[in-house]
file target-v6.txt (compact mmCIF, C-alpha atoms)
# COMPACT_ATOMS: atom_id res chain seq x y z
CA MET A 1 0.00 0.00 0.00
CA HIS A 2 1.23 3.47 -0.79
CA LEU A 3 1.99 5.50 2.32
CA ALA A 4 0.30 8.46 0.65
CA TYR A 5 -3.18 6.99 1.18
CA PRO A 6 -3.21 6.89 5.01
CA ALA A 7 -1.19 10.11 5.19
CA VAL A 8 -3.68 12.00 3.02
CA LEU A 9 -6.66 10.56 4.89
CA SER A 10 -5.05 11.57 8.16
CA ALA A 11 -4.45 15.12 6.93
CA LEU A 12 -8.04 15.43 5.73
CA LEU A 13 -9.44 14.13 9.02
CA PHE A 14 -7.23 16.52 10.97
CA CYS A 15 -8.46 19.49 8.97
CA THR A 16 -12.07 18.36 9.43
CA GLY A 17 -11.49 18.34 13.17
CA LEU A 18 -9.82 21.75 12.90
CA TYR A 19 -12.91 23.15 11.19
CA GLY A 20 -15.10 21.64 13.90
CA VAL A 21 -13.05 23.14 16.71
CA LEU A 22 -13.13 26.58 15.14
CA ALA A 23 -16.72 26.62 13.93
CA ARG A 24 -18.74 24.77 16.55
CA ARG A 25 -20.44 26.59 19.39
CA ASN A 26 -21.42 23.81 21.77
CA ALA A 27 -18.55 22.72 24.01
CA ILE A 28 -19.32 19.02 23.61
CA LEU A 29 -19.22 19.32 19.83
CA VAL A 30 -15.82 20.97 20.21
CA LEU A 31 -14.70 17.97 22.26
CA MET A 32 -15.90 15.65 19.47
CA SER A 33 -13.83 17.60 16.96
CA VAL A 34 -10.80 17.31 19.23
CA GLU A 35 -11.35 13.54 19.19
CA LEU A 36 -11.32 13.64 15.40
CA MET A 37 -7.98 15.45 15.40
CA LEU A 38 -6.48 12.96 17.86
CA ASN A 39 -7.66 10.06 15.71
CA ALA A 40 -6.03 11.59 12.65
CA VAL A 41 -2.75 11.69 14.54
CA ASN A 42 -3.25 8.06 15.59
CA LEU A 43 -3.75 6.94 11.99
CA ASN A 44 -0.57 8.74 11.00
CA LEU A 45 1.38 7.07 13.80
CA VAL A 46 0.13 3.60 12.93
CA ALA A 47 0.79 3.97 9.21
CA PHE A 48 4.34 5.20 9.69
CA ASP A 49 5.02 2.52 12.29
CA VAL A 50 3.88 -0.24 9.94
CA TRP A 51 6.06 1.19 7.19
CA LEU A 52 9.12 1.54 9.39
CA SER A 53 8.73 -1.82 11.08
CA LYS A 54 8.82 -3.47 7.66
CA ALA A 55 11.62 -1.27 6.34
CA ALA A 56 13.94 -1.51 9.34
CA ARG A 57 15.44 -4.67 10.76
CA GLU A 58 14.95 -3.87 14.43
CA THR A 59 12.18 -1.65 15.60
CA LEU A 60 10.81 -0.41 18.87
CA HIS A 61 7.23 -0.26 17.54
CA SER A 62 7.26 3.26 18.85
CA GLY A 63 4.39 4.37 16.64
CA GLN A 64 2.00 1.78 18.00
CA ALA A 65 3.12 2.30 21.58
CA LEU A 66 2.59 6.05 21.18
CA THR A 67 -0.80 5.36 19.63
CA LEU A 68 -1.84 3.39 22.70
CA PHE A 69 -0.61 6.22 24.91
CA THR A 70 -2.52 8.75 22.82
CA ILE A 71 -5.70 6.72 23.12
CA ALA A 72 -5.36 6.53 26.90
CA ILE A 73 -4.60 10.23 27.20
CA ALA A 74 -7.57 11.02 24.96
CA ALA A 75 -9.81 8.98 27.24
CA ALA A 76 -8.53 10.91 30.27
CA GLU A 77 -8.95 14.18 28.38
CA ILE A 78 -12.54 13.46 27.45
CA GLY A 79 -13.37 12.56 31.04
CA ILE A 80 -11.87 15.74 32.48
CA GLY A 81 -13.28 17.84 29.66
CA LEU A 82 -16.79 16.57 30.17
CA ALA A 83 -16.52 17.13 33.93
CA ILE A 84 -15.49 20.74 33.28
CA VAL A 85 -18.27 21.23 30.75
CA LEU A 86 -20.84 19.84 33.17
CA ALA A 87 -19.56 22.08 35.98
CA VAL A 88 -19.75 25.12 33.69
CA HIS A 89 -23.22 24.14 32.57
CA ARG A 90 -24.35 23.78 36.18
CA ASN A 91 -22.94 27.13 37.26
CA ARG A 92 -23.80 29.15 34.18
CA GLY A 93 -26.73 27.30 32.71
CA THR A 94 -25.12 27.07 29.30
CA SER A 95 -22.45 25.08 27.52
CA ASP A 96 -22.25 27.62 24.72
CA ILE A 97 -18.63 28.71 24.47
CA ASP A 98 -19.54 31.95 22.72
CA LYS A 99 -21.29 33.13 25.88
CA LEU A 100 -18.47 32.33 28.30
CA ARG A 101 -16.61 35.59 27.84
CA ASP A 102 -15.50 36.42 31.38
CA THR A 103 -11.81 36.18 30.58
CA SER A 104 -11.96 37.96 27.24
CA GLU A 105 -10.01 41.14 26.74
CA ARG A 106 -11.99 44.23 27.59
CA HIS A 107 -10.62 46.91 25.36
CA ASP A 108 -13.89 48.74 24.81
CA PRO A 109 -15.52 49.95 28.07
CA ASP A 110 -18.65 51.11 26.24
CA ASP A 111 -19.38 47.70 24.85
CA PRO A 112 -22.48 46.41 26.65
CA ASP A 113 -21.48 42.82 26.05
CA HIS A 114 -18.24 43.05 27.98
CA ASP A 115 -18.12 45.01 31.20
CA ALA A 116 -20.83 47.63 31.22
CA ARG A 117 -22.70 45.56 33.77
CA PRO A 118 -21.10 43.85 36.78
CA ALA A 119 -20.25 40.19 36.70
CA GLU A 120 -23.01 39.15 39.07
CA GLN A 121 -25.69 40.71 36.96
CA SER A 122 -24.45 38.99 33.85
CA ASP A 123 -24.40 35.68 35.70
CA GLU A 124 -27.98 36.18 36.81
CA ALA A 125 -28.96 37.14 33.30
CA GLN A 126 -27.34 34.00 31.94
CA LYS A 127 -29.11 31.82 34.49
CA ALA A 128 -32.45 33.44 33.73
CA GLU A 129 -31.76 32.96 30.07
CA ALA A 130 -31.06 29.29 30.68
CA THR A 131 -34.25 28.74 32.61
CA ALA A 132 -36.39 30.56 30.05
CA MET B 133 -7.84 17.65 -4.43
CA THR B 134 -6.70 14.10 -4.11
CA LEU B 135 -7.79 13.32 -7.64
CA ALA B 136 -5.70 16.16 -8.99
CA ALA B 137 -2.77 15.09 -6.87
CA THR B 138 -3.14 11.50 -8.06
CA ALA B 139 -3.29 12.63 -11.66
CA ALA B 140 -0.14 14.64 -11.16
CA LEU B 141 1.46 11.59 -9.64
CA LEU B 142 0.45 9.46 -12.58
CA ALA B 143 2.14 11.88 -14.92
CA THR B 144 5.40 11.93 -13.01
CA GLY B 145 5.22 8.56 -11.33
CA PRO B 146 7.30 6.23 -13.51
CA THR B 147 10.30 8.52 -13.49
CA THR B 148 10.57 9.18 -9.79
CA GLY B 149 11.89 5.93 -8.46
CA ALA B 150 11.87 2.20 -8.27
CA ALA B 151 8.94 2.00 -5.86
CA ALA B 152 6.76 4.04 -8.15
CA GLN B 153 7.76 1.88 -11.09
CA THR B 154 6.78 -1.35 -9.46
CA HIS B 155 3.70 0.02 -7.67
CA GLY B 156 1.94 2.65 -9.72
CA PHE B 157 -1.15 4.54 -8.69
CA LEU B 158 -2.96 3.29 -11.80
CA SER B 159 -3.07 -0.33 -10.68
CA PRO B 160 -4.11 -0.31 -7.04
CA THR B 161 -4.05 -3.49 -5.07
CA GLY B 162 -7.12 -4.87 -3.35
CA VAL B 163 -6.01 -3.53 0.02
CA GLU B 164 -5.65 -0.08 -1.46
CA ILE B 165 -9.11 -0.18 -2.98
CA ALA B 166 -10.59 -1.27 0.34
CA PHE B 167 -8.61 1.44 2.12
CA LEU B 168 -9.88 4.07 -0.30
CA LEU B 169 -13.52 3.03 0.05
CA VAL B 170 -13.43 2.86 3.84
CA GLY B 171 -11.48 6.11 3.88
CA LEU B 172 -14.18 7.83 1.82
CA VAL B 173 -16.85 6.60 4.26
CA THR B 174 -14.74 7.75 7.22
CA PHE B 175 -14.09 11.17 5.78
CA GLY B 176 -17.72 11.66 4.83
CA ALA B 177 -18.87 10.68 8.30
CA ALA B 178 -16.34 13.11 9.80
CA LEU B 179 -17.68 15.89 7.59
CA VAL B 180 -21.25 15.14 8.70
CA THR B 181 -20.06 15.08 12.33
CA VAL B 182 -18.73 18.61 12.17
CA THR B 183 -21.54 20.05 10.06
CA THR B 184 -24.80 18.49 11.26
CA ARG B 185 -27.15 20.62 13.31
CA GLN B 186 -28.52 17.76 15.39
CA LEU B 187 -26.24 17.23 18.34
CA VAL B 188 -27.07 13.59 18.98
CA HIS B 189 -26.62 12.77 15.30
CA ALA B 190 -23.14 14.28 15.48
CA ALA B 191 -22.23 11.79 18.20
CA LEU B 192 -23.68 8.91 16.19
CA TRP B 193 -21.78 9.90 13.05
CA LEU B 194 -18.68 10.06 15.20
CA VAL B 195 -19.24 6.35 15.85
CA VAL B 196 -19.12 5.72 12.09
CA THR B 197 -15.91 7.73 11.81
CA LEU B 198 -14.17 5.92 14.65
CA GLY B 199 -15.33 2.51 13.43
CA GLY B 200 -14.05 3.31 9.96
CA LEU B 201 -10.70 4.20 11.46
CA ALA B 202 -10.65 0.84 13.25
CA VAL B 203 -11.15 -0.86 9.88
CA GLU B 204 -8.27 1.19 8.48
CA TYR B 205 -6.07 -0.05 11.31
CA LEU B 206 -7.05 -3.61 10.45
CA LEU B 207 -6.13 -2.99 6.81
CA LEU B 208 -2.76 -1.68 7.98
CA THR B 209 -2.31 -5.00 9.91
CA ALA B 210 -2.39 -3.22 13.27
CA GLU B 211 -5.00 -5.47 14.78
CA PHE B 212 -4.38 -4.76 18.46
CA ILE B 213 -4.73 -1.00 17.91
CA ALA B 214 -7.91 -1.66 15.94
CA TRP B 215 -9.60 -3.53 18.76
CA VAL B 216 -8.40 -1.03 21.34
CA GLN B 217 -9.92 1.65 19.14
CA VAL B 218 -13.25 -0.18 19.05
CA LEU B 219 -13.24 -0.79 22.80
CA ILE B 220 -12.19 2.63 24.03
CA TYR B 221 -13.46 5.06 21.41
CA VAL B 222 -16.63 3.45 20.16
CA GLY B 223 -17.34 1.79 23.48
CA SER B 224 -16.62 4.43 26.07
CA VAL B 225 -15.75 7.84 24.63
CA VAL B 226 -18.88 8.10 22.50
CA VAL B 227 -21.02 6.90 25.39
CA LEU B 228 -19.40 9.56 27.59
CA LEU B 229 -20.15 12.19 24.94
CA LEU B 230 -23.77 11.07 24.73
CA PHE B 231 -24.04 11.27 28.52
CA GLY B 232 -22.59 14.76 28.37
CA LEU B 233 -25.12 15.77 25.73
CA MET B 234 -27.96 14.48 27.87
CA LEU B 235 -26.71 16.05 31.11
CA THR B 236 -26.34 19.44 29.48
CA ARG B 237 -29.88 19.01 28.15
CA ALA B 238 -28.98 19.33 24.51
CA PRO B 239 -31.97 19.79 22.23
CA ILE B 240 -33.05 16.62 20.46
CA GLY B 241 -34.09 18.17 17.18
CA ARG B 242 -32.31 20.70 15.01
CA SER B 243 -30.59 23.45 16.93
CA PRO B 244 -30.08 26.48 14.72
CA ASP B 245 -27.14 27.83 16.72
CA ALA B 246 -24.86 24.80 16.55
CA ASP B 247 -22.36 26.71 14.43
CA SER B 248 -20.91 30.00 15.55
CA GLY B 249 -20.60 33.14 13.50
CA ASN B 250 -17.02 32.57 12.43
CA ARG B 251 -17.95 29.56 10.33
CA TRP B 252 -16.55 30.95 7.10
CA ALA B 253 -13.27 31.97 8.66
CA ALA B 254 -13.00 28.47 10.11
CA LEU B 255 -13.78 26.97 6.71
CA ALA B 256 -11.09 29.09 5.08
CA VAL B 257 -8.52 28.08 7.70
CA ALA B 258 -9.41 24.40 7.42
CA VAL B 259 -9.33 24.36 3.61
CA ALA B 260 -6.01 26.18 3.55
CA ALA B 261 -4.53 23.78 6.10
CA ALA B 262 -5.88 20.77 4.18
CA ALA B 263 -4.44 22.01 0.90
CA ALA B 264 -1.04 22.68 2.41
CA LEU B 265 -0.90 19.39 4.31
CA VAL B 266 -2.07 17.22 1.42
CA TRP B 267 0.31 18.91 -0.97
CA VAL B 268 3.30 18.48 1.32
CA VAL B 269 2.43 14.90 2.30
CA VAL B 270 1.81 13.73 -1.26
CA ASP B 271 4.94 15.45 -2.48
CA ALA B 272 7.01 13.81 0.25
CA PHE B 273 5.64 10.26 0.27
CA ARG B 274 4.44 9.53 -3.25
CA THR B 275 7.05 6.85 -3.83
CA THR B 276 6.98 5.28 -0.38
CA TRP B 277 5.55 1.80 -0.34
CA ILE B 278 4.28 -0.05 2.74
CA ASP B 279 4.97 -3.76 2.46
CA LEU B 280 1.97 -5.44 4.03
CA ASP B 281 3.03 -9.01 3.28
CA GLY B 282 4.56 -11.34 5.80
CA PRO B 283 3.76 -11.38 9.52
CA ALA B 284 1.51 -8.65 10.79
CA ALA B 285 3.41 -5.63 12.07
CA GLY B 286 0.85 -4.84 14.73
CA SER B 287 -0.20 -8.21 16.03
CA THR B 288 -0.92 -8.53 19.73
CA GLU B 289 2.28 -10.47 20.27
CA ALA B 290 4.52 -7.87 18.65
CA THR B 291 2.74 -4.96 20.31
CA GLY B 292 2.79 -6.56 23.74
CA ALA B 293 6.43 -7.53 23.49
CA SER B 294 7.54 -4.05 22.50
CA LEU B 295 5.26 -2.42 25.04
CA PHE B 296 6.53 -4.45 27.97
CA GLN B 297 10.17 -4.59 26.90
CA ASN B 298 10.88 -1.07 25.74
CA TRP B 299 8.00 1.03 26.96
CA VAL B 300 7.46 -0.15 30.54
CA LEU B 301 8.26 3.13 32.27
CA PRO B 302 5.96 5.30 30.11
CA PHE B 303 3.30 2.63 30.53
CA GLU B 304 3.46 2.89 34.32
CA ALA B 305 3.52 6.69 34.16
CA LEU B 306 0.41 6.48 32.03
CA SER B 307 -1.37 4.46 34.69
CA VAL B 308 -0.55 7.20 37.22
CA LEU B 309 -1.95 9.75 34.79
CA LEU B 310 -5.16 7.78 34.39
CA LEU B 311 -5.51 7.60 38.18
CA ALA B 312 -4.98 11.37 38.38
CA ALA B 313 -7.65 11.91 35.73
CA LEU B 314 -10.08 9.67 37.64
CA VAL B 315 -9.50 11.53 40.88
CA GLY B 316 -9.70 14.86 39.08
CA ALA B 317 -13.07 14.05 37.52
CA ILE B 318 -14.47 12.99 40.90
CA VAL B 319 -13.12 16.14 42.59
CA LEU B 320 -14.64 18.36 39.91
CA SER B 321 -18.03 16.76 40.47
CA ARG B 322 -17.84 16.78 44.27
CA LYS B 323 -16.84 20.41 44.67
CA ALA B 324 -19.68 21.46 42.47
CA LYS B 325 -22.08 19.40 44.58
CA ALA B 326 -21.02 21.19 47.78
CA GLU B 327 -21.45 24.57 46.12
CA SER B 328 -24.79 23.90 44.58
CA SER B 329 -26.30 22.36 47.71
CA SER B 330 -25.50 25.34 49.98
CA PRO B 331 -27.28 28.24 48.22
CA PRO B 332 -30.93 27.36 47.57
CA VAL B 333 -31.48 30.51 45.53
CA ASN B 334 -30.68 28.96 42.18
CA ALA B 335 -33.12 28.94 39.38
CA PRO B 336 -35.14 25.70 39.17
CA GLY B 337 -33.72 24.60 35.85
CA VAL B 338 -30.17 24.94 37.13
CA THR B 339 -30.84 23.04 40.33
CA LYS B 340 -32.50 20.30 38.36
CA SER B 341 -29.43 19.82 36.22
CA SER B 342 -27.16 19.95 39.29
CA ARG B 343 -29.22 17.24 40.96
CA THR B 344 -28.72 15.02 37.94
CA VAL B 345 -25.02 15.62 37.98
CA THR B 346 -24.66 14.94 41.69
CA GLN B 347 -26.40 11.64 41.17
CA GLY B 348 -23.88 10.86 38.46
CA SER B 349 -20.97 11.78 40.73
CA GLY B 350 -22.41 9.66 43.52
CA SER B 351 -22.52 6.62 41.29
CA SER B 352 -18.94 7.25 40.18
CA GLU B 353 -17.92 7.47 43.83
CA GLN B 354 -19.51 4.15 44.46
CA GLU B 355 -17.62 2.71 41.57
CA GLY B 356 -14.41 4.17 42.90
CA ALA B 357 -15.07 2.67 46.32
CA ARG B 358 -15.59 -0.75 44.89

call {"tool": "encode", "arguments": {"input": "target-v6.txt", "output": "structure tokens"}}
result
Amino acid sequence: MHLAYPAVLSALLFCTGLYGVLARRNAILVLMSVELMLNAVNLNLVAFDVWLSKAARETLHSGQALTLFTIAIAAAEIGIGLAIVLAVHRNRGTSDIDKLRDTSERHDPDDPDHDARPAEQSDEAQKAEATA
Amino acid sequence: MTLAATAALLATGPTTGAAAQTHGFLSPTGVEIAFLLVGLVTFGAALVTVTTRQLVHAALWLVVTLGGLAVEYLLLTAEFIAWVQVLIYVGSVVVLLLFGLMLTRAPIGRSPDADSGNRWAALAVAVAAAAALVWVVVDAFRTTWIDLDGPAAGSTEATGASLFQNWVLPFEALSVLLLAALVGAIVLSRKAKAESSSPPVNAPGVTKSSRTVTQGSGSSEQEGAR
């Protein structure tokens, strides 16, 4: 098999995940796109490891070992990420990452979206918005 | 994109090297045809995952994508990785994502605000990155040939031997990391339970969701105690 096939598929999957991370608004959909990017990396690692283990005489199988590590780290990442998303959803009433703007830069003091109102009021407004 | 690249390869293929002479892109082997077909299904499912407006459908299309990747691992003779992929990704990660969608009360039907306003900028970035990556990768590896004959490179025996001979220390460090992630997830849930139980002034919808989550954390505590 040509190495170009898995490499191209991996690049395309990575860019699909990149689009998802940049364009999605729900935090859980962003986590799904991150999973897509991690899987693209895994496919690349496996393909290059199979190629090198056949081309070289002695091999450490480092690609497959790193793939297993990546899978385990991705499982840990999805667990922690979902716990954070659930905590944010419980405190703010939303998992919409466009509305979580408390740490954004506030260069325009007249902008009503940023800091015209105090933080408590915006929290209450977000909770009321979530219950509506 | 890939068709154009393949056509360009066909034009320059026979002069670039011995590998391209013996294995041209015009006469694909059966494994390559299977890889291409499964790869098309995988890529299409990934595209639907990042573009659909129904949140639960996105998770279900993600199952198709991850399963297709498992088949690609099998075609690359990495069978242990393939079954680990099926077990962990399709079995647990997607189920975790579905639980997350339910606990955040995602809408079942179409949600019109699934995509943010910077969709076109994201599309431009992704297409530019895809073009650059595919161009570079095809240009670099168009004559490289993976020999899939002989014993499988990723059989369970080979993977286990290399993992427990050469990769023991990272393996143990990884188990510590998994334990830390387990404890971290429980701590995140518990602290939120203490906070949400003390002030009773929350809106009813918020307290309802917090009650659901505290039940979930309680069950995970029980599992941890077992």

call {"tool": "residues_around", "arguments": {"input": "target-v6.txt", "residues": "Phe167 in chain B", "least_positions_apart": "4", "cutoff": "10 Å", "atoms": "only C-alpha atoms", "output": "ChimeraX atom specification"}}
result
/A:1,5-6,9 /B:161-163,171-173,200-201,203-208

call {"tool": "closest_residue", "arguments": {"input": "target-v6.txt", "among": "B:Pro244, B:Gly249, B:Gly176, B:Gly292", "to": "Gln64 in chain A", "atoms": "all atoms listed in the file"}}
result
B:Gly292

call {"tool": "closest_residue", "arguments": {"input": "target-v6.txt", "among": "A:Val88, A:Leu3, A:Val30, A:Leu45", "to": "chain B", "atoms": "all atoms listed in the file"}}
result
A:Leu3

call {"tool": "interface_residues", "arguments": {"input": "target-v6.txt", "of": "chain A", "to": "chain B", "cutoff": "6 Å", "atoms": "only C-alpha atoms", "output": "PyMOL selection string"}}
result
chain A and resi 1-4+8+12+15+19-20+22-25+50-51+76+80+83+90+131

call {"tool": "atom_distance", "arguments": {"input": "target-v6.txt", "atom1": "CA of Met234 in chain B", "atom2": "CA of Ala214 in chain B"}}
result
28.4 Å

call {"tool": "atom_distance", "arguments": {"input": "target-v6.txt", "atom1": "CA of Glu211 in chain B", "atom2": "CA of Val170 in chain B"}}
result
16.1 Å

call {"tool": "atom_distance", "arguments": {"input": "target-v6.txt", "atom1": "CA of Arg242 in chain B", "atom2": "CA of Asp96 in chain A"}}
result
15.6 Å

call {"tool": "closest_residue", "arguments": {"input": "target-v6.txt", "among": "B:Leu169, B:Thr184, B:Trp193, B:Ser287", "to": "Gly241 in chain B", "atoms": "all atoms listed in the file"}}
result
B:Thr184
